[in-house]
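Worksheet: the structure to be examined is printed underneath.
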Protein chains: 2
Amino acid sequence: MTSTVVRRVSELTTNDPQLGDGTPMGRLYDAALVIEHGRVAWVGPDRDAPAADEMLDAEDAAVIPGFVDSHTHLVFAGDRGDEFEARMNGVRYDAGGITRTVEATRAATRDELTRDARRRARQLRDGGVTTLEVKSGYELTVEGERRQLAVAGELTAERTWLGAHVVPAEFRHDRDAYVALVVGEMLDACAPLARWADVFCDRNAFSVDEARAILGAARAKGLGLRLHANQLAHGGAITLAVELDAASVDHLTYLEDQDLDLLAAASTVATLLPGADFCTRSPYAPARRLLDAGATVALATDCNPGSSYVTSMSFVIALAVREMFMSPDEALWSATRGGAKALRRNDVGHLGIGARADFVVLDAPRALHLAYRPGTNLARRVYQASLEVA
Amino acid sequence: MTSTVVRRVSELTTNDPQLGDGTPMGRLYDAALVIEHGRVAWVGPDRDAPAADEMLDAEDAAVIPGFVDSHTHLVFAGDRGDEFEARMNGVRYDAGGITRTVEATRAATRDELTRDARRRARQLRDGGVTTLEVKSGYELTVEGERRQLAVAGELTAERTWLGAHVVPAEFRHDRDAYVALVVGEMLDACAPLARWADVFCDRNAFSVDEARAILGAARAKGLGLRLHANQLAHGGAITLAVELDAASVDHLTYLEDQDLDLLAAASTVATLLPGADFCTRSPYAPARRLLDAGATVALATDCNPGSSYVTSMSFVIALAVREMFMSPDEALWSATRGGAKALRRNDVGHLGIGARADFVVLDAPRALHLAYRPGTNLARRVYQASLEVA
């Protein structure tokens, strides 16, 4: 393995407060960084850059850590454009449409699922995503959930079992039997293929008690925990997440003051999905209140065919700034280091010494342009560890 | 020149109500089209497609007319990211920042202006724009405005002279002298290089009386007319535009009922710029009220470094649907045929028989995906007349 020096970086965001300007963004200007064995080995002023085997010229562009997209449902078949269109004409979003994707996904071959999931992962990566979480949840059978996780495993190690996405149609009249299947045979079959367990705990999905049972069983199998919560209504999901020390609680469109206090005191990350709020024409999650309360905030795409067919983290950042009143720096941090914290990863989402060398050279002199020039992909080159991806 | 048949189009939007389903979208499914001499020669079901010299396989993707971006300020130097950041932190947008771009543009070489304008035009084209309007207005001197129009001429025939963008700093204490320069020497110098004249008629810019004098003189020189109006405040600009039979009146964030009636009865197109409303965190222009009143609506990017650094028409469409309550079809029509009408062009913005063969093969089975999958470039291939561009 050779060493590489990245020179002529107009603005380097490390997200390491021990570097650069000492802010949470750990920012340096006219900077360079050195990569050895796929890790960041040195960061400093360009004029002090040491020699290396290879040189990458950033040409006075900004460099940021690769995005960490900590919430996606990439493995699915079919589309729900008609449902989107109806919603834009005034039909309200609820979780019902998920069953349509379940039907289409069950009917797809594994090759079809893999091909389409790869295409979406590629779009995300072309836009700067270097760490990706992928959930199951669109087959809702023992073999189907295993199949989804196997497909996800071709894309990422950050696989999440979401057997408790909705109650499938065949269990409509016996949800207790479905929960029993989930906590029993399905969990046994899926746990070896997943790092995380997630439950959609919301109106029209699973109750807090059901979620507690499922997540408790998953934890006993060694899985980390995450929760879909408060996308559609208020409820007790956040209390449950904090009680179980879940890594992340996601959506949070509806929040009460007591939720803010809970999250501010917990290590559970508040993951916001403004693409879903955009695509469902919902109110935007109250990022400002969460940040001001002291909660740790992540941003993710929620890529899925129903409520957020979004494959661009810079679009998510632009929405977070415009609609959620996050500053451009807060949004960038939440889309990188925040996402890493939501996955309890300390090796990605930043460019401190020893971090994985996952970074993006932007087509811009400052990272601020991600919000300032919305709608266009500004990722000029995307590097994933020692491997150049795009 | 050879003939080309485009086969296996899952959904073809022609914007010609005489074709296909008879709606304004003129839509066909499982369709084909034939191009001869850079023009659409035949449209019909794929099974009836005639032979041609060449075949282009759309692979069951949707085809739409190329976007017509009828309002851009592509020729400029410098960026105003700091101003954007301040605005996101609560500082209100007014026209004052334009003078910063004037300083930077005056200081740039022609080669720099050309290189950067080409890069932006390329981004727009990669996203599906095949007809582009470009304005001057960032030099505000006789020679500078000519220079901007000359650079614009390397990109498009749809050049607009915007000498009356703001009163430049050196005329701050004698605006009458600037207006005299504009209607006299500057117009004489610029008219041969432009098809259109435009005036920023708004608070902090030019008054209705000034705009009337400038546009009247421009019309006498053979230029078509357009107007920036009601971006920052109510005013008489729309009345003036209709009085002068301007081709388009642009922005319209602030509208009164009498404006709706005027526009509904006029041939003047209402051009909306949701990217500017997004980037300035302004209210969105009332597209629904305009459409319901019967006005003709166009959508454009307003690409400029201050209030809308946007180079994606699909981003504009997604905003128009989500934020302005346009239907996905209305938004697509306004971004294609609407833009063409705003430029008084009947040869572009549609794929009726005889139209220029400017079209986009989408990475999607239906054009609806432009709004349904926001933030990602869905233009798989962009064709401009007989020339493949991307």
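Naming scheme: A, B, ... for chains in displayed order of the structure tokens; residues 1 onward per chain; ligands 1 onward as shown.
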For the contact check between chain B and chain A, emit one row per residue of chain B within 10 Å, containing the shortest atom pair and the distance in Å rounded to one decimal, counting only C-alpha atoms, chain then rising number order, as CSV.
residue,atom,partner,partner_atom,distance
B:Asp79,CA,A:His369,CA,9.5
B:Arg80,CA,A:Tyr372,CA,8.7
B:Gly81,CA,A:Tyr372,CA,6.2
B:Asp82,CA,A:Leu368,CA,8.4
B:Glu83,CA,A:Tyr372,CA,9.6
B:Phe84,CA,A:Tyr372,CA,6.4
B:Glu85,CA,A:Pro328,CA,7.2
B:Ala86,CA,A:Ser327,CA,9.6
B:Arg87,CA,A:Arg322,CA,9.9
B:Met88,CA,A:Arg322,CA,6.8
B:Asn89,CA,A:Ser327,CA,7.2
B:Gly90,CA,A:Phe325,CA,9.4
B:Gln123,CA,A:Thr376,CA,8.0
B:Leu124,CA,A:Thr376,CA,9.2
B:Gly127,CA,A:Thr376,CA,8.8
B:Gly275,CA,A:Pro374,CA,8.4
B:Phe278,CA,A:Arg322,CA,7.0
B:Cys279,CA,A:Tyr372,CA,7.3
B:Thr280,CA,A:Arg322,CA,8.7
B:Arg281,CA,A:Arg322,CA,6.7
B:Cys303,CA,A:Arg373,CA,9.5
B:Asn304,CA,A:Arg373,CA,9.9
B:Pro305,CA,A:Arg373,CA,8.9
B:Gly306,CA,A:Tyr372,CA,9.3
B:Ser307,CA,A:Tyr372,CA,9.3
B:Ser308,CA,A:Arg373,CA,7.6
B:Tyr309,CA,A:Arg373,CA,4.9
B:Val310,CA,A:Arg373,CA,5.6
B:Thr311,CA,A:Thr376,CA,6.4
B:Ser312,CA,A:Gly375,CA,5.9
B:Met313,CA,A:Gly375,CA,8.6
B:Ser314,CA,A:Gly375,CA,7.9
B:Phe315,CA,A:Gly375,CA,5.2
B:Val316,CA,A:Gly375,CA,8.3
B:Ala318,CA,A:Cys279,CA,9.2
B:Leu319,CA,A:Phe278,CA,9.3
B:Val321,CA,A:Met88,CA,7.1
B:Arg322,CA,A:Arg281,CA,6.6
B:Glu323,CA,A:Arg281,CA,8.4
B:Phe325,CA,A:Met88,CA,7.1
B:Met326,CA,A:Met88,CA,8.5
B:Ser327,CA,A:Met88,CA,7.2
B:Pro328,CA,A:Glu85,CA,7.3
B:Asp329,CA,A:Glu85,CA,9.8
B:Pro365,CA,A:Asp79,CA,9.8
B:Arg366,CA,A:Gly81,CA,8.5
B:Ala367,CA,A:Gly81,CA,9.8
B:Leu368,CA,A:Gly81,CA,6.8
B:His369,CA,A:Gly81,CA,6.7
B:Ala371,CA,A:Cys279,CA,8.8
B:Tyr372,CA,A:Gly81,CA,6.2
B:Arg373,CA,A:Tyr309,CA,4.9
B:Pro374,CA,A:Val310,CA,6.1
B:Gly375,CA,A:Gly375,CA,5.1
B:Thr376,CA,A:Ser312,CA,6.1
B:Asn377,CA,A:Thr376,CA,7.7
Give me the residues within 7 Å of stretch 338-355 of chain A as a JSON list (two decimals) with N, CA and C atoms, in the first residue's frame, counting only C-alpha atoms and dropping any in the same chain fewer than 3 places off.
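Generated file (out_27.json):
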[["chain", "number", "residue", "atom", "x", "y", "z"],
["A", 14, "THR", "N", -12.43, 18.58, 8.65],
["A", 14, "THR", "CA", -12.04, 17.29, 9.25],
["A", 14, "THR", "C", -13.08, 16.78, 10.23],
["A", 15, "ASN", "N", -13.95, 17.65, 10.74],
["A", 15, "ASN", "CA", -14.87, 17.29, 11.83],
["A", 15, "ASN", "C", -14.14, 16.84, 13.08],
["A", 16, "ASP", "N", -12.89, 17.19, 13.20],
["A", 16, "ASP", "CA", -12.11, 16.85, 14.39],
["A", 16, "ASP", "C", -11.70, 18.15, 15.08],
["A", 39, "ARG", "N", -5.87, 5.12, 5.77],
["A", 39, "ARG", "CA", -6.23, 5.94, 6.94],
["A", 39, "ARG", "C", -5.59, 7.31, 6.82],
["A", 40, "VAL", "N", -6.19, 8.29, 7.48],
["A", 40, "VAL", "CA", -5.60, 9.62, 7.51],
["A", 40, "VAL", "C", -4.38, 9.57, 8.42],
["A", 41, "ALA", "N", -3.22, 9.96, 7.88],
["A", 41, "ALA", "CA", -1.98, 9.88, 8.65],
["A", 41, "ALA", "C", -1.45, 11.25, 9.05],
["A", 42, "TRP", "N", -1.85, 12.28, 8.30],
["A", 42, "TRP", "CA", -1.35, 13.63, 8.58],
["A", 42, "TRP", "C", -2.31, 14.63, 7.98],
["A", 65, "PRO", "N", -15.29, 15.08, 4.66],
["A", 65, "PRO", "CA", -15.42, 13.64, 4.90],
["A", 65, "PRO", "C", -16.56, 13.09, 4.03],
["A", 66, "GLY", "N", -16.46, 11.85, 3.61],
["A", 66, "GLY", "CA", -17.57, 11.23, 2.87],
["A", 66, "GLY", "C", -18.82, 11.25, 3.71],
["A", 67, "PHE", "N", -19.96, 11.37, 3.03],
["A", 67, "PHE", "CA", -21.23, 11.37, 3.77],
["A", 67, "PHE", "C", -21.50, 9.99, 4.36],
["A", 68, "VAL", "N", -22.14, 9.97, 5.52],
["A", 68, "VAL", "CA", -22.59, 8.73, 6.16],
["A", 68, "VAL", "C", -24.12, 8.74, 6.09],
["A", 69, "ASP", "N", -24.66, 7.93, 5.22],
["A", 69, "ASP", "CA", -26.12, 7.87, 5.08],
["A", 69, "ASP", "C", -26.61, 6.74, 5.97],
["A", 70, "SER", "N", -27.11, 7.09, 7.14],
["A", 70, "SER", "CA", -27.37, 6.11, 8.20],
["A", 70, "SER", "C", -28.80, 5.57, 8.19],
["A", 247, "ALA", "N", -29.09, 3.28, 19.34],
["A", 247, "ALA", "CA", -28.08, 4.15, 18.73],
["A", 247, "ALA", "C", -28.72, 5.38, 18.10],
["A", 248, "SER", "N", -29.94, 5.19, 17.57],
["A", 248, "SER", "CA", -30.56, 6.28, 16.84],
["A", 248, "SER", "C", -32.07, 6.16, 16.86],
["A", 269, "VAL", "N", -28.86, 9.14, 19.08],
["A", 269, "VAL", "CA", -28.80, 10.23, 18.09],
["A", 269, "VAL", "C", -30.20, 10.48, 17.51],
["A", 296, "THR", "N", -27.75, 15.29, 19.78],
["A", 296, "THR", "CA", -26.89, 15.02, 18.63],
["A", 296, "THR", "C", -27.78, 14.70, 17.44],
["A", 297, "VAL", "N", -27.58, 15.43, 16.33],
["A", 297, "VAL", "CA", -28.46, 15.30, 15.17],
["A", 297, "VAL", "C", -27.69, 14.70, 13.99],
["A", 298, "ALA", "N", -28.29, 13.69, 13.35],
["A", 298, "ALA", "CA", -27.79, 13.15, 12.09],
["A", 298, "ALA", "C", -28.79, 13.46, 10.99],
["A", 299, "LEU", "N", -28.30, 13.49, 9.75],
["A", 299, "LEU", "CA", -29.15, 13.64, 8.57],
["A", 299, "LEU", "C", -28.95, 12.44, 7.66],
["A", 333, "TRP", "N", -22.02, 18.65, 9.22],
["A", 333, "TRP", "CA", -21.58, 17.80, 10.33],
["A", 333, "TRP", "C", -22.58, 16.66, 10.54],
["A", 334, "SER", "N", -23.85, 16.98, 10.51],
["A", 334, "SER", "CA", -24.88, 15.95, 10.77],
["A", 334, "SER", "C", -24.92, 14.91, 9.66],
["A", 335, "ALA", "N", -24.55, 15.31, 8.45],
["A", 335, "ALA", "CA", -24.56, 14.37, 7.31],
["A", 335, "ALA", "C", -23.28, 13.53, 7.26]]
7 Å contact set for B:Thr105, only C-alpha atoms, chain neighbours under 3 positions out, as a compact mmCIF listing (two decimals) with N, CA, C and O atoms, in the first residue's frame:
# COMPACT_ATOMS: atom_id res chain seq x y z
N PHE B 76 -21.07 35.36 -15.09
CA PHE B 76 -20.67 36.16 -13.92
C PHE B 76 -19.38 35.62 -13.35
O PHE B 76 -18.98 34.49 -13.65
N ALA B 77 -18.77 36.40 -12.50
CA ALA B 77 -17.58 35.96 -11.76
C ALA B 77 -17.87 36.08 -10.27
O ALA B 77 -18.74 36.83 -9.85
N THR B 101 -21.36 41.24 -7.41
CA THR B 101 -21.10 40.45 -8.61
C THR B 101 -20.64 41.35 -9.75
O THR B 101 -19.80 40.96 -10.57
N VAL B 102 -21.16 42.57 -9.78
CA VAL B 102 -20.71 43.52 -10.80
C VAL B 102 -19.22 43.78 -10.65
O VAL B 102 -18.45 43.72 -11.62
N ALA B 108 -12.99 40.29 -14.03
CA ALA B 108 -12.63 39.01 -14.65
C ALA B 108 -12.24 39.20 -16.11
O ALA B 108 -12.69 40.14 -16.77
N TYR B 138 -24.26 42.26 -15.38
CA TYR B 138 -23.28 42.26 -14.29
C TYR B 138 -22.04 43.08 -14.62
O TYR B 138 -21.02 42.94 -13.97
N GLU B 139 -22.16 43.93 -15.65
CA GLU B 139 -21.04 44.86 -15.86
C GLU B 139 -21.54 46.29 -15.82
O GLU B 139 -20.93 47.16 -15.23
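When atom CA of A:Arg147 is paired with atom CA of A:Leu272, their separation reads 27.7 Å.
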Problem set entry | Residues within 6 Å of B:His71, only C-alpha atoms, excluding chain neighbours under 2 positions, as a list in words | Asp69, Glu133, Ala300 and Asp302 of chain B
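Counting from atom CA of A:Val151, the distance to atom CA of A:Leu132 is 13.5 Å.
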Would you please give, as a PyMOL selection string, all residues of stretch 19-266 of chain B that DSSP assigns to helix (DSSP H, G or I) based on the backbone?
chain B and resi 46-48+81-88+95-107+110-126+142-153+169-171+175-193+208-220+237-243+257-265
Report as a compact mmCIF listing (two decimals) with N, CA and C atoms, in the first residue's frame all protein, DNA and RNA residues lying within 12 Å of B:Asp48, evaluated on only C-alpha atoms, omitting residues in the same chain fewer than 6 positions from it.
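See result.txt below for the written result:
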# COMPACT_ATOMS: atom_id res chain seq x y z
N VAL B 5 -34.60 6.61 -35.65
CA VAL B 5 -35.84 6.25 -34.96
C VAL B 5 -35.51 5.95 -33.50
N ARG B 7 -36.75 4.10 -30.38
CA ARG B 7 -37.66 3.01 -30.11
C ARG B 7 -37.80 2.76 -28.61
N ARG B 8 -38.84 1.99 -28.28
CA ARG B 8 -39.05 1.51 -26.92
C ARG B 8 -39.08 2.64 -25.89
N ASP B 30 -45.43 3.23 -24.81
CA ASP B 30 -44.85 2.24 -25.73
C ASP B 30 -44.76 2.85 -27.12
N ALA B 31 -44.04 3.94 -27.17
CA ALA B 31 -44.05 4.79 -28.36
C ALA B 31 -42.69 4.81 -29.03
N ALA B 32 -42.66 5.45 -30.19
CA ALA B 32 -41.42 5.69 -30.92
C ALA B 32 -41.53 7.07 -31.58
N LEU B 33 -40.38 7.63 -31.93
CA LEU B 33 -40.41 8.85 -32.73
C LEU B 33 -39.28 8.80 -33.75
N VAL B 34 -39.49 9.51 -34.84
CA VAL B 34 -38.50 9.52 -35.91
C VAL B 34 -38.01 10.96 -36.10
N TRP B 42 -42.00 11.97 -37.23
CA TRP B 42 -43.08 10.99 -37.01
C TRP B 42 -43.12 10.64 -35.53
- Message: Neighbouring residues of B:Pro17 were defined as those with any atom within 9 Å, considering only C-alpha atoms; residues of the same chain fewer than 5 positions away were excluded. Please report them as a PyMOL selection string.
- Response: chain B and resi 22-27+352
Taken to one decimal, the atom CA of B:Leu74-atom CA of B:Gly128 distance is 16.2 Å
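When only C-alpha atoms are used to compute distances to B:Gly216, the closest of the residues B:Leu193, B:Ala246, B:Ala331, B:Ala152 turns out to be B:Ala246.
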The residue from A:Leu252, A:Leu181, A:Ile317, A:Ala270 with the smallest atom-to-atom distance to A:Asp202, counting only C-alpha atoms, is A:Leu252
